[in-house]
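target-v2.txt (compact mmCIF, C-alpha atoms and all ligand atoms) appears below.
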# COMPACT_ATOMS: atom_id res chain seq x y z
CA MET A 1 -33.65 118.90 1.37
CA ASP A 2 -32.30 115.37 1.14
CA PHE A 3 -31.35 112.84 3.82
CA ASN A 4 -27.65 113.86 3.68
CA SER A 5 -28.47 117.24 5.18
CA PHE A 6 -29.33 115.58 8.51
CA ASN A 7 -25.78 114.26 8.96
CA LEU A 8 -27.03 110.95 10.24
CA HIS A 9 -24.54 108.25 11.18
CA PRO A 10 -23.31 106.51 7.98
CA LYS A 11 -24.68 103.17 9.18
CA ILE A 12 -28.12 104.73 9.53
CA THR A 13 -27.83 106.42 6.14
CA ALA A 14 -27.09 102.95 4.75
CA GLY A 15 -30.44 101.80 6.18
CA ILE A 16 -32.24 104.67 4.42
CA VAL A 17 -30.66 103.69 1.12
CA ALA A 18 -31.57 100.03 1.67
CA ALA A 19 -35.19 101.05 2.41
CA GLY A 20 -35.24 102.90 -0.92
CA TYR A 21 -36.11 106.29 0.54
CA THR A 22 -34.71 109.11 -1.56
CA LEU A 23 -36.36 112.24 -0.14
CA PRO A 24 -37.58 112.91 3.40
CA THR A 25 -41.34 113.26 3.76
CA PRO A 26 -42.56 116.60 5.23
CA ILE A 27 -42.86 115.23 8.78
CA GLN A 28 -39.34 113.79 8.51
CA ALA A 29 -37.93 117.08 7.21
CA ALA A 30 -39.54 118.93 10.10
CA ALA A 31 -39.01 116.46 12.96
CA ILE A 32 -35.59 114.87 12.37
CA PRO A 33 -33.47 118.03 13.00
CA LYS A 34 -35.43 118.86 16.18
CA ILE A 35 -35.14 115.34 17.55
CA MET A 36 -31.43 115.33 16.77
CA GLN A 37 -31.12 118.50 18.85
CA LEU A 38 -32.56 116.39 21.68
CA ARG A 39 -35.69 118.54 21.89
CA ASP A 40 -38.99 117.12 23.09
CA VAL A 41 -41.27 116.97 20.09
CA MET A 42 -44.99 116.95 19.60
CA GLY A 43 -45.66 115.51 16.14
CA LEU A 44 -49.05 115.96 14.57
CA ALA A 45 -49.11 113.39 11.85
CA GLN A 46 -51.25 110.51 10.74
CA THR A 47 -50.19 107.05 9.66
CA GLY A 48 -48.81 107.03 6.15
CA THR A 49 -46.82 110.26 6.47
CA GLY A 50 -43.52 108.55 7.26
CA LYS A 51 -43.71 109.31 10.98
CA THR A 52 -42.03 106.06 12.04
CA ALA A 53 -38.81 107.00 10.27
CA ALA A 54 -39.29 110.59 11.47
CA PHE A 55 -38.66 109.46 15.04
CA GLY A 56 -36.84 106.20 14.21
CA LEU A 57 -33.93 107.65 12.25
CA PRO A 58 -32.78 110.23 14.83
CA ILE A 59 -33.23 107.69 17.63
CA LEU A 60 -31.10 105.12 15.83
CA HIS A 61 -28.54 107.86 15.17
CA GLN A 62 -28.43 108.80 18.86
CA LEU A 63 -28.11 105.22 20.01
CA MET A 64 -25.01 104.72 17.86
CA GLN A 65 -23.19 106.58 20.66
CA GLY A 66 -23.07 105.24 24.19
CA ARG A 67 -23.91 102.01 25.99
CA ARG A 68 -25.25 98.95 24.23
CA GLY A 69 -27.48 96.15 25.49
CA CYS A 70 -29.66 98.20 27.85
CA VAL A 71 -33.04 99.70 26.97
CA ARG A 72 -32.33 103.28 25.90
CA ALA A 73 -35.33 103.87 23.66
CA LEU A 74 -38.92 102.91 24.41
CA VAL A 75 -41.71 103.28 21.86
CA ILE A 76 -45.26 102.80 23.14
CA ALA A 77 -47.92 102.02 20.54
CA PRO A 78 -51.63 101.18 20.81
CA THR A 79 -51.75 97.84 18.96
CA ARG A 80 -49.52 94.84 18.49
CA GLU A 81 -49.71 95.23 14.71
CA LEU A 82 -48.41 98.76 14.97
CA ALA A 83 -45.74 97.67 17.47
CA GLU A 84 -44.61 94.94 15.05
CA GLN A 85 -44.53 97.40 12.16
CA ILE A 86 -42.44 99.89 14.09
CA HIS A 87 -40.09 97.10 15.13
CA VAL A 88 -39.76 95.88 11.52
CA SER A 89 -39.22 99.42 10.29
CA LEU A 90 -36.55 100.17 12.91
CA SER A 91 -34.85 96.84 12.26
CA GLN A 92 -34.77 97.60 8.54
CA LEU A 93 -33.49 101.16 8.94
CA GLY A 94 -31.01 100.10 11.63
CA LYS A 95 -29.87 96.92 9.91
CA GLN A 96 -26.24 97.99 9.75
CA SER A 97 -26.26 99.55 13.20
CA GLY A 98 -25.98 96.41 15.34
CA LEU A 99 -28.68 97.88 17.58
CA ARG A 100 -31.24 95.37 18.79
CA SER A 101 -34.95 95.92 19.24
CA ALA A 102 -37.71 93.81 20.79
CA THR A 103 -41.50 93.95 20.85
CA ILE A 104 -43.63 93.55 23.93
CA TYR A 105 -47.37 93.00 23.75
CA GLY A 106 -50.08 90.82 25.21
CA GLY A 107 -51.85 87.84 23.67
CA VAL A 108 -48.59 85.93 23.32
CA GLY A 109 -46.35 84.20 25.90
CA ILE A 110 -44.41 86.46 28.24
CA ASN A 111 -41.39 84.14 28.66
CA PRO A 112 -39.86 84.60 25.20
CA GLN A 113 -40.13 88.37 25.80
CA ILE A 114 -38.34 88.00 29.14
CA SER A 115 -35.55 85.98 27.50
CA LYS A 116 -35.18 88.55 24.73
CA LEU A 117 -35.02 91.40 27.26
CA LYS A 118 -32.44 89.48 29.31
CA SER A 119 -30.29 88.97 26.23
CA GLY A 120 -29.88 92.75 26.02
CA VAL A 121 -31.84 95.04 23.71
CA ASP A 122 -31.41 98.73 22.95
CA ILE A 123 -34.93 99.54 21.77
CA VAL A 124 -38.25 98.24 23.06
CA VAL A 125 -41.49 98.72 21.13
CA ALA A 126 -44.38 97.97 23.46
CA CYS A 127 -48.12 98.05 23.99
CA PRO A 128 -49.06 99.56 27.37
CA GLY A 129 -50.69 96.59 29.17
CA ARG A 130 -47.95 94.00 28.75
CA LEU A 131 -45.25 96.62 29.34
CA LEU A 132 -46.82 97.35 32.72
CA ASP A 133 -46.76 93.60 33.49
CA HIS A 134 -43.02 93.55 32.79
CA ILE A 135 -42.49 96.65 34.90
CA LYS A 136 -44.44 95.11 37.80
CA GLN A 137 -42.57 91.82 37.53
CA LYS A 138 -39.28 93.71 37.22
CA THR A 139 -38.46 91.84 34.03
CA ILE A 140 -37.59 95.06 32.23
CA ASN A 141 -35.02 97.62 33.34
CA LEU A 142 -35.83 101.10 32.11
CA SER A 143 -33.39 102.98 34.32
CA GLN A 144 -31.07 103.77 31.40
CA LEU A 145 -33.80 105.17 29.18
CA ASP A 146 -32.81 108.15 27.01
CA VAL A 147 -35.86 108.56 24.84
CA LEU A 148 -39.56 107.75 25.08
CA VAL A 149 -41.93 107.81 22.09
CA LEU A 150 -45.70 107.78 22.48
CA ASP A 151 -47.02 106.85 19.05
CA GLU A 152 -50.64 107.31 17.93
CA ALA A 153 -51.41 108.92 21.27
CA ASP A 154 -55.00 109.70 20.25
CA ARG A 155 -55.63 106.03 19.47
CA MET A 156 -54.18 105.07 22.84
CA PHE A 157 -56.62 107.48 24.43
CA ASP A 158 -59.51 106.00 22.36
CA MET A 159 -58.56 102.56 23.57
CA GLY A 160 -58.49 103.61 27.22
CA PHE A 161 -54.72 103.34 27.67
CA LEU A 162 -53.98 106.76 29.16
CA PRO A 163 -54.05 105.60 32.82
CA ASP A 164 -51.57 102.83 31.93
CA ILE A 165 -49.39 105.32 30.06
CA ARG A 166 -49.30 107.59 33.11
CA ARG A 167 -48.36 104.62 35.33
CA ILE A 168 -45.56 103.65 32.97
CA ILE A 169 -44.20 107.18 32.76
CA LYS A 170 -43.97 107.33 36.57
CA CYS A 171 -41.46 104.45 36.36
CA LEU A 172 -39.19 106.15 33.82
CA PRO A 173 -36.18 108.38 34.46
CA THR A 174 -37.31 112.01 34.49
CA ARG A 175 -34.23 113.12 32.55
CA ARG A 176 -35.15 111.84 29.13
CA GLN A 177 -36.27 113.04 25.73
CA THR A 178 -39.97 112.53 25.00
CA LEU A 179 -41.64 112.48 21.59
CA LEU A 180 -45.40 112.35 21.27
CA PHE A 181 -47.10 111.60 17.94
CA SER A 182 -50.81 111.94 17.37
CA ALA A 183 -53.04 112.37 14.33
CA THR A 184 -55.53 114.51 16.25
CA MET A 185 -55.38 116.64 19.37
CA PRO A 186 -58.31 115.94 21.67
CA GLN A 187 -58.27 117.73 25.02
CA GLU A 188 -56.95 114.65 26.83
CA ILE A 189 -53.90 114.46 24.57
CA ARG A 190 -53.21 118.16 25.12
CA HIS A 191 -53.24 117.48 28.88
CA LEU A 192 -50.97 114.47 28.49
CA ALA A 193 -48.57 116.49 26.31
CA LYS A 194 -48.41 119.20 28.99
CA GLU A 195 -47.55 116.62 31.61
CA VAL A 196 -44.92 114.67 29.72
CA LEU A 197 -43.21 117.09 27.32
CA THR A 198 -40.72 119.74 28.36
CA ASP A 199 -40.60 122.88 26.22
CA PRO A 200 -41.71 120.88 23.18
CA GLU A 201 -41.21 121.79 19.57
CA THR A 202 -44.41 121.15 17.60
CA VAL A 203 -44.08 119.70 14.12
CA GLN A 204 -47.14 119.29 12.03
CA VAL A 205 -48.23 118.01 8.68
CA ASP A 206 -51.81 118.50 7.55
CA ILE A 207 -54.02 116.68 9.98
CA VAL A 208 -57.12 116.45 7.92
CA ALA A 209 -55.60 116.36 4.46
CA PRO A 210 -55.27 112.83 3.17
CA PRO A 211 -52.37 111.94 0.89
CA THR A 212 -52.79 113.93 -2.32
CA THR A 213 -51.77 110.86 -4.26
CA VAL A 214 -55.15 109.21 -3.58
CA SER A 215 -58.05 109.57 -5.99
CA HIS A 216 -61.49 109.13 -4.49
CA ALA A 217 -64.71 107.78 -5.98
CA LEU A 218 -68.17 107.02 -4.64
CA TYR A 219 -70.23 104.13 -5.98
CA PRO A 220 -73.91 104.50 -5.16
CA VAL A 221 -75.45 101.03 -4.90
CA PRO A 222 -78.35 99.34 -3.15
CA GLN A 223 -77.21 97.50 -0.04
CA HIS A 224 -78.06 94.04 -1.41
CA LEU A 225 -75.94 94.55 -4.54
CA LYS A 226 -72.75 95.63 -2.81
CA THR A 227 -71.02 92.27 -3.11
CA ASP A 228 -71.95 91.88 -6.79
CA LEU A 229 -70.75 95.39 -7.54
CA LEU A 230 -67.52 94.75 -5.67
CA LEU A 231 -66.87 91.57 -7.65
CA GLU A 232 -67.49 93.36 -10.92
CA LEU A 233 -65.37 96.32 -9.86
CA LEU A 234 -62.50 94.01 -8.97
CA GLN A 235 -62.84 92.28 -12.31
CA LYS A 236 -62.80 95.52 -14.27
CA THR A 237 -60.09 97.32 -12.32
CA ALA A 238 -56.37 96.67 -12.47
CA THR A 239 -55.54 96.26 -8.80
CA ASP A 240 -52.37 95.40 -6.99
CA SER A 241 -53.39 94.76 -3.42
CA VAL A 242 -56.77 95.76 -2.09
CA LEU A 243 -57.78 96.60 1.47
CA ILE A 244 -61.54 96.42 2.01
CA PHE A 245 -63.31 97.87 5.06
CA THR A 246 -66.60 96.66 6.47
CA ARG A 247 -68.62 98.00 9.37
CA THR A 248 -68.70 94.80 11.42
CA LYS A 249 -66.43 91.82 11.94
CA HIS A 250 -69.22 89.51 10.85
CA ARG A 251 -69.44 91.33 7.52
CA ALA A 252 -65.65 91.21 7.16
CA LYS A 253 -65.63 87.47 7.70
CA ARG A 254 -68.52 86.82 5.33
CA LEU A 255 -67.15 89.05 2.59
CA GLY A 256 -63.70 87.46 2.90
CA GLU A 257 -65.33 84.05 2.42
CA LYS A 258 -67.38 85.21 -0.58
CA LEU A 259 -64.31 86.67 -2.26
CA GLY A 260 -62.45 83.44 -1.60
CA ALA A 261 -65.32 81.46 -3.10
CA SER A 262 -65.16 83.69 -6.17
CA GLY A 263 -61.55 82.75 -6.74
CA TYR A 264 -59.74 85.66 -5.10
CA ARG A 265 -56.81 85.17 -2.75
CA ALA A 266 -58.55 86.92 0.13
CA ALA A 267 -58.25 86.94 3.91
CA SER A 268 -60.26 88.73 6.54
CA LEU A 269 -58.95 90.41 9.65
CA GLN A 270 -61.40 90.81 12.47
CA GLY A 271 -61.34 90.89 16.23
CA ASN A 272 -62.35 87.25 16.70
CA LEU A 273 -59.18 85.85 15.18
CA SER A 274 -56.43 84.38 17.32
CA GLN A 275 -53.17 86.31 17.34
CA ASN A 276 -51.55 83.67 15.11
CA ARG A 277 -54.27 83.86 12.52
CA ARG A 278 -54.25 87.67 12.53
CA GLN A 279 -50.52 87.64 12.00
CA ALA A 280 -50.84 85.04 9.22
CA ALA A 281 -53.48 87.18 7.46
CA LEU A 282 -51.31 90.30 7.76
CA ASP A 283 -48.11 88.56 6.69
CA GLY A 284 -49.93 86.95 3.76
CA PHE A 285 -51.27 90.33 2.65
CA ARG A 286 -47.88 91.98 2.99
CA SER A 287 -46.12 89.24 1.04
CA GLY A 288 -48.77 89.23 -1.70
CA ALA A 289 -49.99 85.70 -0.91
CA PHE A 290 -53.35 87.37 -0.27
CA GLN A 291 -54.29 89.99 -2.80
CA ILE A 292 -57.27 91.17 -0.79
CA LEU A 293 -57.62 91.83 2.92
CA VAL A 294 -61.06 92.54 4.40
CA ALA A 295 -60.99 94.28 7.76
CA THR A 296 -62.91 96.34 10.28
CA ASP A 297 -61.55 99.67 11.51
CA ILE A 298 -60.47 98.25 14.83
CA ALA A 299 -58.76 95.23 13.30
CA ALA A 300 -57.00 97.40 10.74
CA ARG A 301 -55.62 99.95 13.18
CA GLY A 302 -52.10 100.92 12.29
CA ILE A 303 -51.77 98.41 9.46
CA ASP A 304 -48.88 99.54 7.33
CA VAL A 305 -48.88 97.90 3.96
CA SER A 306 -47.10 100.29 1.69
CA GLN A 307 -48.15 98.69 -1.57
CA VAL A 308 -51.93 98.91 -1.13
CA SER A 309 -53.23 100.08 -4.50
CA HIS A 310 -56.92 100.28 -3.62
CA VAL A 311 -58.87 100.90 -0.45
CA VAL A 312 -62.52 99.94 -0.82
CA ASN A 313 -65.00 101.12 1.75
CA PHE A 314 -67.57 98.37 1.39
CA ASP A 315 -69.36 100.22 4.19
CA ILE A 316 -68.83 103.93 4.63
CA PRO A 317 -67.02 104.73 7.90
CA ASP A 318 -68.70 106.49 10.83
CA THR A 319 -66.53 109.61 10.84
CA ALA A 320 -64.53 111.68 8.37
CA GLU A 321 -61.46 110.99 10.47
CA ALA A 322 -61.97 107.25 10.07
CA TYR A 323 -62.30 107.77 6.29
CA ILE A 324 -59.00 109.61 6.16
CA HIS A 325 -57.39 107.00 8.37
CA ARG A 326 -58.66 104.17 6.17
CA ILE A 327 -57.58 105.71 2.91
CA GLY A 328 -54.21 106.62 4.48
CA ARG A 329 -53.31 103.01 3.71
CA THR A 330 -53.12 103.76 0.01
CA GLY A 331 -51.24 106.45 -1.86
CA ARG A 332 -48.48 106.31 0.73
CA ALA A 333 -45.38 108.43 0.50
CA THR A 334 -44.64 108.60 -3.21
CA ARG A 335 -47.09 105.97 -4.48
CA SER A 336 -50.56 106.64 -5.84
CA GLY A 337 -53.75 104.87 -4.89
CA ASP A 338 -57.50 104.74 -5.32
CA ALA A 339 -60.18 104.89 -2.67
CA PHE A 340 -63.60 103.52 -3.65
CA THR A 341 -66.56 103.97 -1.32
CA MET A 342 -69.86 102.18 -1.78
CA ILE A 343 -72.77 104.30 -0.64
CA THR A 344 -76.42 103.62 -0.08
CA GLU A 345 -79.09 106.24 0.32
CA GLU A 346 -78.61 106.38 4.11
CA ASP A 347 -75.03 107.51 3.65
CA GLY A 348 -75.75 110.98 2.25
CA GLN A 349 -75.01 112.80 5.51
CA MET A 350 -71.71 111.04 6.03
CA VAL A 351 -70.69 111.66 2.41
CA ARG A 352 -71.23 115.38 3.02
CA THR A 353 -69.17 115.24 6.22
CA ILE A 354 -66.31 113.47 4.46
CA GLU A 355 -66.40 115.85 1.52
CA ARG A 356 -66.23 118.80 3.91
CA ALA A 357 -63.17 117.29 5.58
CA LEU A 358 -61.52 116.69 2.21
CA GLY A 359 -62.46 120.16 0.97
CA ASN A 360 -63.70 118.57 -2.25
CA GLN A 361 -66.73 116.93 -3.72
CA ILE A 362 -66.04 113.27 -4.47
CA GLU A 363 -66.82 111.98 -7.94
CA GLN A 364 -69.76 109.58 -8.09
CA ARG A 365 -69.51 106.72 -10.54
CA ARG A 366 -71.74 104.09 -12.04
CA LEU A 367 -70.14 100.93 -13.25
CA ASP A 368 -70.91 100.42 -16.94
CA GLY A 369 -72.74 97.20 -17.67
CA PHE A 370 -73.63 96.50 -14.03
CA ASN A 371 -77.27 95.62 -13.46
CA TYR A 372 -78.35 97.99 -10.70
CA SER A 373 -81.99 96.99 -10.91
CA VAL A 374 -81.81 93.42 -9.61
CA ALA A 375 -84.43 93.14 -6.88
CA ALA A 376 -83.46 92.31 -3.34
CA PRO A 377 -84.13 88.79 -2.08
CA ALA A 378 -87.54 88.50 -0.43
CA CYS A 379 -86.33 88.90 3.15
CA THR A 380 -84.68 92.24 2.40
CA ALA A 381 -87.18 93.38 -0.22
CA GLN A 382 -88.45 96.36 1.77
CA PRO A 383 -85.22 98.25 2.41
CA ALA A 384 -83.72 97.21 -0.92
CA ARG A 385 -86.71 98.58 -2.85
CA ARG A 386 -86.22 101.84 -1.03
CA HIS A 387 -82.52 101.92 -1.91
CA THR A 388 -83.12 101.05 -5.54
CA ARG A 389 -85.65 103.79 -5.99
CA ALA A 390 -83.68 106.49 -4.30
CA MET A 391 -80.13 105.58 -5.12
CA PRO A 392 -78.08 108.75 -4.77
CA ARG A 393 -77.07 110.96 -7.67
CA PRO A 394 -77.10 108.71 -10.71
CA LYS A 395 -74.58 109.56 -13.38
CA SER A 396 -76.64 109.16 -16.51
CA GLN A 397 -79.10 111.80 -17.68
CA GLN A 398 -81.61 109.06 -18.40
CA GLU A 399 -81.45 107.89 -14.78
CA ARG A 400 -81.68 111.44 -13.51
CA SER A 401 -84.81 112.22 -15.48
CA ARG A 402 -86.49 109.06 -14.16
CA ARG A 403 -86.26 110.33 -10.60
CA SER A 404 -88.36 112.87 -8.80
CA PRO A 405 -86.39 115.99 -7.78
CA SER A 406 -86.30 114.97 -4.15
CA ASN A 407 -85.31 111.36 -4.77
CA GLY A 408 -82.78 112.29 -7.40
CA ARG A 409 -81.08 114.96 -5.34
CA SER A 410 -77.42 114.26 -5.29
CA VAL A 411 -75.90 113.00 -2.09
CA SER A 412 -73.20 115.57 -2.18
CA GLY A 413 -74.13 118.08 -4.83
CA GLY A 414 -75.93 121.42 -4.79
CA ARG A 415 -74.67 122.77 -1.52
CA ARG A 416 -71.41 124.57 -2.17
P1 LIG A 501 -45.50 105.54 8.36
O1 LIG A 501 -46.26 106.82 8.32
O2 LIG A 501 -44.33 105.60 9.24
O3 LIG A 501 -46.42 104.38 8.66
O4 LIG A 501 -44.89 105.28 6.89
C1 LIG A 501 -45.68 105.05 5.77
C2 LIG A 501 -44.95 104.37 4.63
O5 LIG A 501 -44.07 105.28 3.97
C3 LIG A 501 -44.08 103.19 5.06
O6 LIG A 501 -44.32 102.14 4.14
C4 LIG A 501 -42.67 103.68 4.92
O7 LIG A 501 -41.78 102.64 4.59
C5 LIG A 501 -42.80 104.69 3.80
N1 LIG A 501 -41.82 105.80 3.89
C6 LIG A 501 -41.43 106.44 5.03
N2 LIG A 501 -40.56 107.42 4.74
C7 LIG A 501 -40.39 107.41 3.39
C8 LIG A 501 -39.61 108.20 2.49
N3 LIG A 501 -38.84 109.20 2.91
N4 LIG A 501 -39.67 107.90 1.16
C9 LIG A 501 -40.47 106.87 0.72
N5 LIG A 501 -41.23 106.09 1.52
C10 LIG A 501 -41.20 106.37 2.84

Let me see the file written as structure tokens.
Ligand code: AMP
Amino acid sequence: MDFNSFNLHPKITAGIVAAGYTLPTPIQAAAIPKIMQLRDVMGLAQTGTGKTAAFGLPILHQLMQGRRGCVRALVIAPTRELAEQIHVSLSQLGKQSGLRSATIYGGVGINPQISKLKSGVDIVVACPGRLLDHIKQKTINLSQLDVLVLDEADRMFDMGFLPDIRRIIKCLPTRRQTLLFSATMPQEIRHLAKEVLTDPETVQVDIVAPPTTVSHALYPVPQHLKTDLLLELLQKTATDSVLIFTRTKHRAKRLGEKLGASGYRAASLQGNLSQNRRQAALDGFRSGAFQILVATDIAARGIDVSQVSHVVNFDIPDTAEAYIHRIGRTGRATRSGDAFTMITEEDGQMVRTIERALGNQIEQRRLDGFNYSVAAPACTAQPARRHTRAMPRPKSQQERSRRSPSNGRSVSGGRR
């Protein structure tokens, strides 16, 4: 199946060519025909599967017919970064269409948004809170709405947005098409889907399977040597752009600074940044001005940087879902990517959980030439000694024979 088989408007097809897409991704192949038949759709797909174009292309196609300059499509997304990305993506795909889109989210002035809405837009991409403000102030007219998209519905639930979503939906015309996209299906999203979708068609791409173009590796390391190992890994690996995840915003900030001090073009993205600085970090990473971006899960939600070559989990995530979400930033669509995860001895349980979700054991690596036996500084000597002694599943036979059976037991091995 290629894009021609959808019979999209020629001006939209021109946008696909300009974006460089040659073949539809599975979610696009499944969703586009259904959306073009004006069916309500429930899309089970995670970021990185091409879901934005899966709903964006048929919407742009539909909007080529009919009135211009009034809001006919509304996309609701959990974060401003995601809203911006969707807006950029729709603007790129619809470049020839003459359709206009605007973003609406908090943390920035409301007046420019009001002016933009007044000037007449066809598509609005919004975060729930600020959209409700506009609805209350009557600065947005949604009476002509044809299609509503709820994107990353599970994230919106996580972030406590469902009551706002329900309030917004009450203000929309009941005769409309509704598309709901979610990576997972918690009970609350099932309820929401029941309320808002009419006779929906479900389209699904593997929920738990990460992109097959990603290769995974675990790097066992004592906690206090993580930064040194990272620096050596970066030096020895040909990387394009690297997204690094830490557990806390403090760690993200500190690591970003250390990488900068070591000569890397690095930025960190964490909740404490002002909107301008977040945007500057993201834009710099996208443009290549920053080669490395260090982020927490929350700060990185929905980041779409298609050319990420490596995702490094400086700290292992808390859930398998978060792992898959993180590494979804690399190996996108047709590209390939690497996901490196640093693990300490406390991470064994989570490694097992992630491996179960992937359906595979992840290769464990030791970096040749790296000195794993450097002692921890005095203040962290206790935990570091423990890590050093019981570092999980060493690669070399020599290392293995040095360990007692219990200490040397692999983090992930010997159970399947
Ligand atoms: P999304 O899941 O919408 O965040 O898309 C993930 C990435 O895949 C984005 O960088 C898109 O530009 C890219 N993409 C979407 N559809 C295609 C396609 N059919 N071929 C190649 N890349 C695509």

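Taking only C-alpha atoms into account, the polymer residues that have an atom no farther than 12 Å from (-37.3, 120.2, 2.6) are A:Met1, A:Asp2, A:Phe3, A:Asn4, A:Ser5, A:Phe6, A:Leu23, A:Pro24, A:Thr25, A:Pro26, A:Ile27, A:Gln28, A:Ala29, A:Ala30, A:Ala31, A:Ile32, A:Pro33.
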
Quiz item: Which of these, A:Arg247, A:Thr178, A:Val308, A:Ile104, has the shortest distance to Lys194 (chain A) once you count all atoms listed in the file?
Solution: A:Thr178

Quiz item: Within 12 Å of Met36 (chain A), counting only C-alpha atoms, which residues qualify if same-chain residues fewer than 4 places away don't, as a PyMOL selection string?
Solution: chain A and resi 6-9+28-32+40-41+54-63+147+177+179

Self-check item: Residue among A:Ser101, A:Gln204, A:Gln113, A:Thr174 lying closest to Ala45 (chain A), counting all atoms listed in the file
Solution: A:Gln204

Quiz item: CA of Phe314 (chain A) and CA of Gln279 (chain A) are how many Å apart?
Solution: 22.8 Å

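Minimum distance to ligand LIG 501 (chain A) across A:Ala183, A:Leu358, A:Val71, A:Leu142 (counting all atoms listed in the file) occurs at A:Ala183.
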
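Using only C-alpha atoms and all ligand atoms for every distance, the candidate list A:Val121, A:Val242, A:Leu231, A:Leu93 yields A:Leu93 as the residue closest to ligand LIG 501 (chain A).
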
Find the axis-aligned box for ligand LIG 501 (chain A), covering all its listed atoms and adding 5 Å on each side, and write its centre and edge lengths in Å to one decimal as AutoDock Vina command-line options.
--center_x -42.6 --center_y 105.7 --center_z 5.0 --size_x 17.6 --size_y 17.1 --size_z 18.5

Quiz item: Looking at A:His325, A:Lys249, A:Lys258, A:Lys236, which one is nearest to Phe370 (chain A), with distances taken over all atoms listed in the file?
Solution: A:Lys236

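Each of A:Asp240, A:Glu201, A:Asp122, A:Glu152 was compared to ligand LIG 501 (chain A) using all atoms listed in the file, and A:Glu152 turns out to be the nearest.
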
Exercise. Tell me, in Å to one decimal, how far CA of Thr202 (chain A) is from CA of Ile86 (chain A).
Key: 21.6 Å

Tell me, as a PDB file with C-alpha atoms, in the frame of the given file, which residues lie within 9 Å of Thr319 (chain A), counting all atoms listed in the file; anything in the same chain fewer than 4 positions away does not count.
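Below you can see selection-v7.pdb, which holds the result:
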ATOM      1  CA  TYR A 323     -62.300 107.770   6.290  1.00  0.00           C
ATOM      2  CA  ILE A 324     -59.000 109.610   6.160  1.00  0.00           C
ATOM      3  CA  MET A 350     -71.710 111.040   6.030  1.00  0.00           C
ATOM      4  CA  THR A 353     -69.170 115.240   6.220  1.00  0.00           C
ATOM      5  CA  ILE A 354     -66.310 113.470   4.460  1.00  0.00           C
TER       6      ILE A 354
END

Exercise. May I have the protein, DNA and RNA residues with an atom at most 8 Å from (-52.8, 98.1, 19.6), counting only C-alpha atoms in the file's coordinates, returned as number ranges by chain?
Key: A: 77-83, 127, 156, 301-302

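Note that the spacing between CA of Gly160 (chain A) and CA of Leu243 (chain A) amounts to 26.7 Å.
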
Quiz prompt | Polymer residues at most 12 Å from Gly260 (chain A), all atoms listed in the file, same-chain spacing of 3 or more positions, as a PyMOL selection string | solution = chain A and resi 231+253-257+263-268+290-294
